[in-house]
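Below is entry-v8.cif, holding mmCIF, C-alpha atoms.
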```
data_target
#
loop_
_atom_site.label_atom_id
_atom_site.label_comp_id
_atom_site.auth_asym_id
_atom_site.auth_seq_id
_atom_site.Cartn_x
_atom_site.Cartn_y
_atom_site.Cartn_z
CA MET A 1 35.70 19.07 -27.30
CA ARG A 2 34.63 15.47 -27.16
CA VAL A 3 31.58 13.91 -25.52
CA THR A 4 30.44 10.31 -25.13
CA VAL A 5 26.86 9.51 -26.12
CA LEU A 6 25.06 6.48 -24.65
CA PHE A 7 22.11 4.79 -26.36
CA PHE A 8 19.64 2.67 -24.39
CA ALA A 9 16.84 0.24 -25.20
CA VAL A 10 14.95 1.15 -28.36
CA PHE A 11 17.39 3.97 -29.11
CA ARG A 12 20.22 1.46 -29.20
CA ASP A 13 18.24 -0.47 -31.80
CA PHE A 14 17.71 2.72 -33.82
CA ALA A 15 21.34 3.80 -33.58
CA GLY A 16 22.80 0.32 -34.06
CA THR A 17 25.28 0.96 -31.23
CA ASP A 18 25.23 1.53 -27.49
CA GLN A 19 27.87 4.24 -27.46
CA ALA A 20 29.52 6.77 -29.74
CA GLU A 21 32.00 9.65 -29.45
CA PHE A 22 31.22 13.05 -30.88
CA GLU A 23 33.59 15.96 -31.56
CA LEU A 24 31.86 19.33 -31.09
CA PRO A 25 32.89 23.00 -31.16
CA ASP A 26 33.44 24.57 -27.72
CA GLY A 27 30.20 25.93 -26.26
CA ALA A 28 28.02 23.47 -28.17
CA THR A 29 24.60 22.79 -26.70
CA VAL A 30 22.58 19.60 -26.31
CA ALA A 31 20.48 20.71 -29.29
CA GLN A 32 23.59 20.89 -31.47
CA LEU A 33 24.72 17.45 -30.31
CA ILE A 34 21.30 16.00 -31.17
CA GLU A 35 21.65 17.46 -34.65
CA ALA A 36 25.11 15.93 -35.03
CA ILE A 37 23.81 12.55 -33.87
CA GLY A 38 20.97 12.72 -36.42
CA ASP A 39 23.44 13.65 -39.17
CA ARG A 40 25.71 10.72 -38.45
CA LEU A 41 23.24 7.97 -37.39
CA GLY A 42 20.02 9.06 -39.10
CA ALA A 43 17.06 11.09 -37.85
CA ASP A 44 15.49 7.89 -36.42
CA SER A 45 18.21 7.73 -33.80
CA VAL A 46 16.94 10.93 -32.14
CA PRO A 47 13.12 10.78 -32.04
CA ALA A 48 11.15 13.79 -30.89
CA ASN A 49 10.36 12.22 -27.52
CA VAL A 50 13.98 11.69 -26.51
CA ALA A 51 15.06 13.09 -23.17
CA VAL A 52 18.69 13.85 -22.50
CA ALA A 53 20.80 13.32 -19.41
CA VAL A 54 24.24 14.87 -19.01
CA ASN A 55 26.41 13.21 -16.41
CA GLN A 56 23.29 11.40 -15.17
CA GLU A 57 21.07 14.44 -14.69
CA TYR A 58 18.17 15.30 -16.97
CA VAL A 59 18.89 18.55 -18.80
CA LEU A 60 17.17 20.91 -21.20
CA ASN A 61 18.04 21.28 -24.85
CA ASN A 62 19.84 24.58 -24.42
CA THR A 63 22.31 23.19 -21.87
CA THR A 64 25.92 23.83 -22.81
CA LEU A 65 28.14 20.75 -22.97
CA GLN A 66 31.63 20.37 -21.54
CA ASP A 67 34.57 18.31 -22.77
CA GLY A 68 34.31 14.77 -21.42
CA ASP A 69 30.56 14.90 -20.66
CA GLU A 70 28.64 11.62 -20.60
CA VAL A 71 25.46 12.27 -22.55
CA ALA A 72 22.65 9.73 -22.49
CA LEU A 73 19.69 9.63 -24.84
CA ILE A 74 16.79 8.50 -22.70
CA PRO A 75 13.83 6.86 -24.45
CA PRO A 76 10.44 7.03 -22.74
CA VAL A 77 10.95 5.14 -19.49
CA ALA A 78 9.08 1.99 -18.54
CA GLY A 79 10.20 0.87 -15.11
CA GLY A 80 7.90 -0.44 -12.44
CA MET B 1 -40.14 -12.10 25.11
CA ARG B 2 -36.57 -12.40 26.24
CA VAL B 3 -33.39 -11.05 24.66
CA THR B 4 -29.73 -11.40 25.57
CA VAL B 5 -27.68 -8.22 25.74
CA LEU B 6 -23.89 -8.30 25.30
CA PHE B 7 -21.57 -5.59 26.63
CA PHE B 8 -18.10 -5.05 25.18
CA ALA B 9 -14.99 -3.12 26.16
CA VAL B 10 -15.73 0.16 27.92
CA PHE B 11 -19.46 -0.68 28.02
CA ARG B 12 -18.68 -3.82 29.99
CA ASP B 13 -16.86 -1.62 32.51
CA PHE B 14 -19.87 0.72 32.69
CA ALA B 15 -22.39 -2.11 33.04
CA GLY B 16 -20.27 -4.21 35.37
CA THR B 17 -21.15 -7.33 33.39
CA ASP B 18 -20.56 -8.75 29.92
CA GLN B 19 -24.05 -10.15 29.47
CA ALA B 20 -27.60 -9.72 30.78
CA GLU B 21 -31.08 -11.03 29.97
CA PHE B 22 -33.99 -8.66 29.47
CA GLU B 23 -37.72 -9.44 29.47
CA LEU B 24 -39.63 -7.13 27.12
CA PRO B 25 -43.21 -6.81 25.87
CA ASP B 26 -43.84 -8.28 22.41
CA GLY B 27 -43.11 -5.78 19.65
CA ALA B 28 -40.56 -3.88 21.74
CA THR B 29 -37.99 -1.87 19.80
CA VAL B 30 -34.26 -1.34 20.28
CA ALA B 31 -35.07 2.08 21.75
CA GLN B 32 -37.26 0.47 24.41
CA LEU B 33 -34.56 -2.05 25.25
CA ILE B 34 -32.01 0.74 25.64
CA GLU B 35 -34.35 2.43 28.09
CA ALA B 36 -34.76 -0.79 30.04
CA ILE B 37 -30.98 -1.25 30.16
CA GLY B 38 -30.54 2.29 31.46
CA ASP B 39 -33.22 1.71 34.11
CA ARG B 40 -31.58 -1.44 35.41
CA LEU B 41 -27.85 -0.68 35.01
CA GLY B 42 -27.75 3.11 35.09
CA ALA B 43 -27.73 5.69 32.30
CA ASP B 44 -23.92 5.38 32.03
CA SER B 45 -24.33 1.89 30.62
CA VAL B 46 -25.98 3.24 27.46
CA PRO B 47 -24.07 6.36 26.36
CA ALA B 48 -25.39 8.47 23.49
CA ASN B 49 -22.74 7.16 21.08
CA VAL B 50 -23.71 3.50 21.49
CA ALA B 51 -24.43 1.55 18.32
CA VAL B 52 -26.57 -1.56 18.45
CA ALA B 53 -26.23 -4.86 16.63
CA VAL B 54 -29.00 -7.43 16.59
CA ASN B 55 -27.89 -10.94 15.70
CA GLN B 56 -24.58 -9.43 14.56
CA GLU B 57 -25.98 -6.81 12.18
CA TYR B 58 -26.00 -3.09 12.94
CA VAL B 59 -29.59 -1.86 13.28
CA LEU B 60 -31.45 1.38 13.81
CA ASN B 61 -33.17 2.37 17.01
CA ASN B 62 -36.66 1.71 15.70
CA THR B 63 -35.93 -1.93 14.84
CA THR B 64 -38.40 -4.35 16.40
CA LEU B 65 -36.87 -7.11 18.51
CA GLN B 66 -37.77 -10.81 18.44
CA ASP B 67 -37.71 -13.39 21.21
CA GLY B 68 -34.21 -14.87 21.52
CA ASP B 69 -32.40 -12.02 19.78
CA GLU B 70 -28.74 -11.46 20.61
CA VAL B 71 -28.37 -7.71 21.07
CA ALA B 72 -24.90 -6.19 21.36
CA LEU B 73 -24.12 -2.69 22.57
CA ILE B 74 -21.24 -1.57 20.39
CA PRO B 75 -18.98 1.17 21.78
CA PRO B 76 -17.08 3.35 19.29
CA VAL B 77 -14.81 0.88 17.48
CA ALA B 78 -11.02 1.08 17.52
CA GLY B 79 -9.64 -1.74 15.40
CA GLY B 80 -6.74 -1.37 13.02
CA MET C 1 -10.83 -13.99 -0.50
CA TYR C 2 -9.45 -14.77 2.95
CA CYS C 3 -10.61 -13.02 6.12
CA GLU C 4 -9.75 -13.99 9.66
CA ILE C 5 -9.66 -12.80 13.27
CA VAL C 6 -6.71 -14.49 14.96
CA ASN C 7 -5.02 -14.48 18.36
CA GLN C 8 -1.60 -15.44 17.01
CA PRO C 9 1.07 -13.41 15.17
CA ILE C 10 0.14 -12.47 11.59
CA ASP C 11 2.43 -13.68 8.81
CA VAL C 12 2.23 -10.77 6.38
CA ALA C 13 4.41 -12.42 3.72
CA ALA C 14 2.12 -15.46 3.73
CA LEU C 15 -0.89 -13.22 3.11
CA GLU C 16 0.91 -11.65 0.19
CA ARG C 17 1.70 -15.04 -1.33
CA ARG C 18 -1.90 -16.09 -0.80
CA VAL C 19 -3.38 -13.33 -2.98
CA ARG C 20 -0.82 -13.13 -5.79
CA THR C 21 -1.58 -14.75 -9.17
CA ASN C 22 0.07 -14.58 -12.59
CA ALA C 23 -2.56 -12.10 -13.75
CA ASP C 24 -1.58 -9.52 -11.14
CA GLY C 25 0.67 -6.59 -11.80
CA ALA C 26 0.39 -5.07 -8.34
CA VAL C 27 0.28 -6.44 -4.82
CA LEU C 28 -0.15 -4.00 -1.95
CA THR C 29 0.25 -5.00 1.68
CA PHE C 30 -0.79 -2.79 4.57
CA SER C 31 0.37 -3.67 8.07
CA GLY C 32 -0.92 -1.88 11.13
CA VAL C 33 1.79 -2.05 13.77
CA VAL C 34 1.57 -1.41 17.52
CA ARG C 35 3.27 1.93 18.07
CA ASP C 36 5.21 2.94 21.16
CA HIS C 37 3.29 6.20 21.48
CA HIS C 38 -0.24 7.50 21.12
CA GLU C 39 -1.30 11.13 21.47
CA GLY C 40 1.84 12.00 23.38
CA ARG C 41 1.74 9.06 25.81
CA ASP C 42 4.26 6.20 25.93
CA VAL C 43 2.50 2.95 25.14
CA GLU C 44 3.82 -0.27 26.65
CA SER C 45 1.40 -2.82 25.20
CA LEU C 46 -2.09 -3.21 23.81
CA HIS C 47 -5.04 -5.48 24.29
CA TYR C 48 -7.50 -5.93 21.42
CA GLU C 49 -10.97 -7.31 22.04
CA ALA C 50 -13.41 -8.30 19.31
CA TYR C 51 -17.05 -9.25 19.12
CA GLY C 52 -15.65 -12.35 17.47
CA ASP C 53 -18.24 -13.70 15.05
CA MET C 54 -19.58 -10.30 14.11
CA ALA C 55 -16.08 -8.86 13.64
CA LEU C 56 -15.30 -11.63 11.17
CA SER C 57 -18.56 -11.38 9.24
CA LYS C 58 -18.26 -7.57 9.08
CA LEU C 59 -14.66 -7.79 7.89
CA ARG C 60 -15.68 -10.29 5.26
CA SER C 61 -18.60 -8.20 4.00
CA ILE C 62 -16.35 -5.12 3.76
CA CYS C 63 -13.83 -7.06 1.68
CA GLU C 64 -16.57 -8.46 -0.55
CA GLU C 65 -18.06 -5.02 -1.12
CA VAL C 66 -14.69 -3.48 -1.89
CA ALA C 67 -13.86 -6.36 -4.25
CA SER C 68 -17.09 -5.70 -6.13
CA GLN C 69 -16.34 -1.96 -6.37
CA CYS C 70 -12.64 -2.10 -7.29
CA ASP C 71 -11.02 -4.15 -10.03
CA VAL C 72 -9.00 -6.46 -7.78
CA THR C 73 -8.31 -10.17 -8.18
CA ASP C 74 -8.01 -11.13 -4.52
CA ILE C 75 -8.00 -9.77 -0.98
CA ALA C 76 -6.72 -11.18 2.31
CA ALA C 77 -7.44 -9.34 5.57
CA VAL C 78 -6.55 -10.48 9.06
CA HIS C 79 -6.97 -8.74 12.43
CA ARG C 80 -5.24 -10.00 15.54
CA VAL C 81 -6.81 -9.83 19.01
CA GLY C 82 -5.52 -10.46 22.53
CA ASP C 83 -2.33 -9.02 24.04
CA LEU C 84 0.08 -7.37 21.62
CA GLU C 85 3.52 -5.91 22.18
CA ILE C 86 5.13 -2.88 20.56
CA GLY C 87 6.07 -3.75 16.98
CA ASP C 88 3.48 -6.51 16.63
CA VAL C 89 1.24 -6.44 13.57
CA SER C 90 -2.36 -5.88 14.66
CA VAL C 91 -3.91 -5.91 11.19
CA ALA C 92 -2.71 -6.85 7.72
CA ILE C 93 -4.44 -6.36 4.39
CA ALA C 94 -3.05 -7.79 1.15
CA VAL C 95 -4.63 -6.81 -2.16
CA ALA C 96 -3.72 -8.14 -5.60
CA ALA C 97 -4.85 -6.47 -8.82
CA ALA C 98 -3.89 -6.28 -12.46
CA HIS C 99 -3.25 -2.55 -12.06
CA ARG C 100 -1.94 -0.52 -9.15
CA ASP C 101 -4.77 2.06 -9.09
CA ALA C 102 -7.25 -0.59 -7.99
CA ALA C 103 -4.84 -2.07 -5.45
CA TYR C 104 -4.23 1.26 -3.70
CA GLU C 105 -7.90 2.20 -3.79
CA ALA C 106 -9.09 -1.13 -2.39
CA SER C 107 -6.42 -1.32 0.31
CA ARG C 108 -7.22 2.14 1.56
CA GLU C 109 -10.97 1.58 1.50
CA ILE C 110 -10.69 -1.65 3.48
CA ILE C 111 -8.57 -0.20 6.28
CA GLU C 112 -10.77 2.91 6.54
CA ARG C 113 -13.97 0.87 6.73
CA LEU C 114 -12.41 -1.67 9.09
CA LYS C 115 -11.54 1.10 11.52
CA ARG C 116 -15.07 2.51 11.40
CA GLU C 117 -17.25 -0.58 11.22
CA VAL C 118 -15.62 -3.73 12.58
CA PRO C 119 -16.48 -4.31 16.27
CA ILE C 120 -12.97 -4.39 17.72
CA TRP C 121 -11.70 -2.36 20.67
CA LYS C 122 -8.26 -1.44 21.88
CA ARG C 123 -7.08 -1.07 25.47
CA GLU C 124 -3.78 0.75 25.83
CA ARG C 125 -1.39 0.08 28.69
CA TYR C 126 0.90 3.08 29.21
CA ARG C 127 4.42 3.17 30.56
CA ASP C 128 3.14 5.03 33.63
CA GLY C 129 1.10 1.94 34.58
CA LYS C 130 -2.32 3.31 33.60
CA GLU C 131 -4.69 1.57 31.19
CA GLU C 132 -7.44 3.00 29.04
CA TRP C 133 -9.84 1.95 26.30
CA GLN C 134 -8.81 3.98 23.30
CA GLU C 135 -11.46 6.35 22.02
CA GLY C 136 -12.81 4.97 18.77
CA TYR C 137 -15.16 5.81 15.93
CA PRO C 138 -18.89 5.76 16.76
CA VAL C 139 -20.50 3.36 14.29
CA ASP C 140 -22.94 5.01 11.87
CA GLY C 141 -26.45 3.70 11.55
CA GLY C 142 -26.53 2.97 15.24
CA ARG C 143 -28.70 4.52 17.86
CA MET D 1 16.60 4.93 3.50
CA TYR D 2 17.59 2.01 1.28
CA CYS D 3 17.53 2.17 -2.53
CA GLU D 4 18.94 -0.40 -4.87
CA ILE D 5 18.94 -1.66 -8.46
CA VAL D 6 19.47 -5.44 -8.34
CA ASN D 7 19.66 -8.34 -10.77
CA GLN D 8 18.50 -10.94 -8.26
CA PRO D 9 15.05 -11.74 -6.81
CA ILE D 10 13.68 -9.11 -4.44
CA ASP D 11 12.87 -10.21 -0.89
CA VAL D 12 9.82 -8.07 -0.13
CA ALA D 13 9.47 -9.26 3.46
CA ALA D 14 13.08 -8.28 4.15
CA LEU D 15 12.40 -4.77 2.85
CA GLU D 16 9.43 -4.51 5.16
CA ARG D 17 11.51 -5.60 8.16
CA ARG D 18 14.19 -3.11 7.16
CA VAL D 19 11.92 -0.05 7.41
CA ARG D 20 9.81 -0.92 10.43
CA THR D 21 10.58 0.69 13.81
CA ASN D 22 8.71 0.86 17.11
CA ALA D 23 7.52 4.36 16.30
CA ASP D 24 5.61 3.19 13.22
CA GLY D 25 1.93 2.50 13.14
CA ALA D 26 1.74 1.70 9.44
CA VAL D 27 3.92 -0.17 6.99
CA LEU D 28 2.87 -0.30 3.36
CA THR D 29 4.55 -2.52 0.80
CA PHE D 30 3.96 -2.23 -2.92
CA SER D 31 5.17 -5.01 -5.22
CA GLY D 32 5.11 -4.68 -8.96
CA VAL D 33 4.75 -8.17 -10.39
CA VAL D 34 5.37 -9.43 -13.95
CA ARG D 35 1.91 -10.06 -15.41
CA ASP D 36 1.07 -12.73 -17.96
CA HIS D 37 -0.71 -10.23 -20.20
CA HIS D 38 -0.28 -6.67 -21.45
CA GLU D 39 -2.74 -4.80 -23.62
CA GLY D 40 -4.39 -8.02 -24.74
CA ARG D 41 -1.19 -9.91 -25.58
CA ASP D 42 0.10 -12.97 -23.74
CA VAL D 43 3.43 -12.17 -22.13
CA GLU D 44 5.98 -14.95 -21.66
CA SER D 45 8.81 -13.07 -19.96
CA LEU D 46 10.35 -9.65 -19.55
CA HIS D 47 13.74 -8.07 -19.79
CA TYR D 48 14.44 -4.90 -17.83
CA GLU D 49 17.37 -2.68 -18.73
CA ALA D 50 18.57 0.26 -16.63
CA TYR D 51 20.98 3.13 -17.08
CA GLY D 52 22.48 1.67 -13.91
CA ASP D 53 24.13 4.50 -11.98
CA MET D 54 21.61 7.11 -13.04
CA ALA D 55 18.66 4.82 -12.28
CA LEU D 56 19.93 4.37 -8.75
CA SER D 57 20.68 8.04 -8.13
CA LYS D 58 17.30 9.04 -9.57
CA LEU D 59 15.47 6.46 -7.46
CA ARG D 60 17.32 7.70 -4.39
CA SER D 61 16.53 11.35 -5.06
CA ILE D 62 12.84 10.53 -5.56
CA CYS D 63 12.74 8.69 -2.23
CA GLU D 64 14.55 11.54 -0.48
CA GLU D 65 12.18 14.13 -1.91
CA VAL D 66 9.11 12.10 -0.99
CA ALA D 67 10.50 11.54 2.53
CA SER D 68 10.89 15.29 2.92
CA GLN D 69 7.32 15.93 1.71
CA CYS D 70 5.50 13.15 3.59
CA ASP D 71 5.73 12.34 7.28
CA VAL D 72 7.38 8.93 6.94
CA THR D 73 10.07 7.37 9.09
CA ASP D 74 11.76 5.21 6.47
CA ILE D 75 11.61 4.08 2.85
CA ALA D 76 13.13 1.13 1.02
CA ALA D 77 12.83 0.90 -2.77
CA VAL D 78 14.36 -1.74 -5.02
CA HIS D 79 14.04 -2.30 -8.76
CA ARG D 80 15.18 -5.51 -10.40
CA VAL D 81 16.74 -5.66 -13.88
CA GLY D 82 17.67 -8.48 -16.25
CA ASP D 83 15.42 -11.36 -17.28
CA LEU D 84 12.24 -11.83 -15.26
CA GLU D 85 9.59 -14.52 -15.41
CA ILE D 86 5.84 -14.22 -14.90
CA GLY D 87 5.14 -13.73 -11.18
CA ASP D 88 8.56 -12.26 -10.41
CA VAL D 89 8.66 -9.02 -8.45
CA SER D 90 10.14 -6.27 -10.63
CA VAL D 91 9.89 -3.46 -8.10
CA ALA D 92 9.15 -3.25 -4.38
CA ILE D 93 8.60 -0.19 -2.22
CA ALA D 94 8.26 -0.39 1.55
CA VAL D 95 7.24 2.70 3.51
CA ALA D 96 6.96 3.01 7.28
CA ALA D 97 5.18 5.88 8.98
CA ALA D 98 3.56 6.74 12.28
CA HIS D 99 0.23 7.19 10.49
CA ARG D 100 -1.26 5.45 7.48
CA ASP D 101 -2.12 8.61 5.51
CA ALA D 102 1.55 9.39 5.04
CA ALA D 103 2.41 5.78 4.19
CA TYR D 104 -0.19 5.55 1.40
CA GLU D 105 0.68 8.97 0.05
CA ALA D 106 4.42 8.33 -0.03
CA SER D 107 4.12 4.83 -1.50
CA ARG D 108 1.91 6.04 -4.32
CA GLU D 109 4.08 9.06 -5.07
CA ILE D 110 7.25 6.96 -5.26
CA ILE D 111 5.85 4.39 -7.70
CA GLU D 112 4.30 7.11 -9.90
CA ARG D 113 7.52 9.09 -10.06
CA LEU D 114 9.64 5.96 -10.53
CA LYS D 115 7.57 5.02 -13.58
CA ARG D 116 7.98 8.49 -15.09
CA GLU D 117 11.54 9.45 -14.18
CA VAL D 118 13.82 6.50 -13.50
CA PRO D 119 15.75 5.43 -16.63
CA ILE D 120 14.61 1.82 -16.86
CA TRP D 121 13.18 0.09 -19.92
CA LYS D 122 11.15 -3.04 -20.40
CA ARG D 123 11.32 -5.48 -23.31
CA GLU D 124 8.37 -7.86 -23.50
CA ARG D 125 8.63 -11.32 -25.00
CA TYR D 126 5.22 -12.55 -26.12
CA ARG D 127 3.90 -16.06 -26.33
CA ASP D 128 3.79 -15.74 -30.13
CA GLY D 129 7.60 -15.40 -30.15
CA LYS D 130 7.73 -11.66 -30.87
CA GLU D 131 9.61 -9.15 -28.71
CA GLU D 132 9.05 -5.45 -28.24
CA TRP D 133 10.26 -2.57 -26.13
CA GLN D 134 7.23 -1.48 -24.15
CA GLU D 135 6.12 2.05 -24.82
CA GLY D 136 6.96 4.17 -21.82
CA TYR D 137 6.54 7.65 -20.40
CA PRO D 138 8.51 10.41 -22.14
CA VAL D 139 10.57 12.11 -19.43
CA ASP D 140 9.62 15.74 -18.79
CA GLY D 141 12.24 18.43 -18.94
CA GLY D 142 13.98 16.65 -21.76
CA ARG D 143 14.42 17.84 -25.29
#
```

Structure rendered as structure tokens:
Amino acid sequence: MRVTVLFFAVFRDFAGTDQAEFELPDGATVAQLIEAIGDRLGADSVPANVAVAVNQEYVLNNTTLQDGDEVALIPPVAGG
Amino acid sequence: MRVTVLFFAVFRDFAGTDQAEFELPDGATVAQLIEAIGDRLGADSVPANVAVAVNQEYVLNNTTLQDGDEVALIPPVAGG
Amino acid sequence: MYCEIVNQPIDVAALERRVRTNADGAVLTFSGVVRDHHEGRDVESLHYEAYGDMALSKLRSICEEVASQCDVTDIAAVHRVGDLEIGDVSVAIAVAAAHRDAAYEASREIIERLKREVPIWKRERYRDGKEEWQEGYPVDGGR
Amino acid sequence: MYCEIVNQPIDVAALERRVRTNADGAVLTFSGVVRDHHEGRDVESLHYEAYGDMALSKLRSICEEVASQCDVTDIAAVHRVGDLEIGDVSVAIAVAAAHRDAAYEASREIIERLKREVPIWKRERYRDGKEEWQEGYPVDGGR
């Protein structure tokens, strides 16, 4: 399956891109995707304090991904 | 000595006037004035929950009055 | 600091502009609005009466005390008196501060103290034609 | 209920008018304003970036949850993104309620949750020419 990963703010600077596609085995979890991102873009692109949203909802690390999911890496937020 | 007493809101209704002059012995206190008001205008005009301001500052009952003081009977307040 | 007792409509946005500076991160504006009901009765209009000079000096001293206790940069507080209709603003408090904690704290403290200390009274006119002075807060340190 | 992410100036007075009804006794408006300093550094301007659709849906769900917890009649919350100057309003929250307790409680809860949950980021440009993403709040329930 294939998911789209979005990078925002400081994470975009780390990753050097605002978007990337990842091919994963069926049943892959968020944790596995994070590992794949680190492998391709470097460990800096997935700091320990990253939160993850799948299809615009915050999810936990053990969430299973589906083909076509929009996955966003969410740096610490600073609105207001 | 002579003081001016002001009545506001529901106290003006009780007293039937918005202002009255009172002649008091030198050294009279707020408590003595309250008694004099009750004697002249009826006990209803000085309910137990009245607060008193002398020259626009809240004072305690044992405060000594001076000639020419402006004394206001302050009903429970309801601004806002 | 700007404090006033007025008998004209209050321009809340103007109060907000008055307090805001470039050093402020937070501006909080409280408006007290005449409600169409009170304790189950339909309210038609209100009349506010103030002990004018004392109301203003008390309002000002409250704002000064709160400004000295909370880390705010400016405060504007205005109370309207006279006849008010449903939806009219009876009181407005604008507070500017570098940080929001201080703004919320100061705003709340001012409205609470105003309601308990400033010599203003409210007469409610109900839809059934009756009128009554609204029961208020007995002032501490009185008799 | 009105929630929006905009890239134009926020009209705070319009938000206030939007929420106020005749049943409300209290309207509270919080404005977050771009400050000329942050942690001892002189700020020249700010850039806000949002994960647009998610920021809006998150803001809306926060306002809905707070409305269900507090006794308010209406809420309007708007966050601005893009380039902002000193003194510009970055976020405004207007809350109307019959009683002030609920208005203060809801207003505070919305801004606190917004700052911790809504995917928006802030890049500060300092007077010395440097730029930095401001350190934010790690979102709970993440990794």

Care to translate the PyMOL selection byres ((chain C) within 10 of (chain D)) into actual residues of this file, as an MDAnalysis selection string? chainID C and resid 11:14 16 20:38 85:101 103:105 107:108 111:112

Run the PyMOL selection byres ((chain D) within 9 of (chain A)) against the file shown and list the residues it catches, as an NGL selection string. :D and (31-33 or 48-51 or 53-55 or 57-58 or 79 or 90-92 or 111-112 or 114-123 or 132-143)

Within 10 Å of Glu21 (chain B) using all atoms listed in the file, minus same-chain residues under 5 positions, as JSON, numbers by chain: {"B": [2, 3, 4, 5, 6, 37, 68, 70, 71]}

Once 3 Å is added on each side, what centre and edge lengths in Å to one decimal does the axis-aligned box around all listed atoms of region 8-15 of chain D have, as lines of an AutoDock Vina configuration file?
```
center_x = 14.0
center_y = -8.3
center_z = -2.1
size_x = 15.0
size_y = 13.0
size_z = 18.4
```

Straight-line distance linking CA of Ile5 (chain D) with CA of Asp18 (chain A), stated in Å to one decimal: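 Rounded to one decimal, the two atoms are 20.3 Å apart.
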
Using all atoms listed in the file, which residues sit within 6 Å of region 6-9 of chain C once same-chain residues fewer than 2 positions away are excluded, as a PDB file with C-alpha atoms, in the coordinates of the input?
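Saved to selection09.pdb:
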```pdb
ATOM      1  CA  ARG C  80      -5.240 -10.000  15.540  1.00  0.00           C
ATOM      2  CA  VAL C  81      -6.810  -9.830  19.010  1.00  0.00           C
ATOM      3  CA  GLY C  82      -5.520 -10.460  22.530  1.00  0.00           C
TER       4      GLY C  82
END
```

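With CA of Ala28 (chain A) on one side and CA of Asp44 (chain A) on the other, the separation reads 21.6 Å.
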
Could you tell me which residues the PyMOL selection byres ((chain D and resi 45) around 6) grabs in this file, written as a list in words?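 So the PyMOL selection byres ((chain D and resi 45) around 6) ends up selecting Val43, Glu44, Leu46, Leu84, Glu85, Ile86 and Arg125 of chain D.
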
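Taking CA of Gly38 (chain A) and CA of His47 (chain D) as the two end points, the separation is 27.6 Å.
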
Go through A:Asp26, A:Ala36, A:Met1, A:Val46 one by one, measure the shortest atom-to-atom distance of each to Asp13 (chain A) using only C-alpha atoms, and give the residue with the smallest value.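 Once distances to Asp13 (chain A) are computed over only C-alpha atoms, the minimum belongs to A:Val46.
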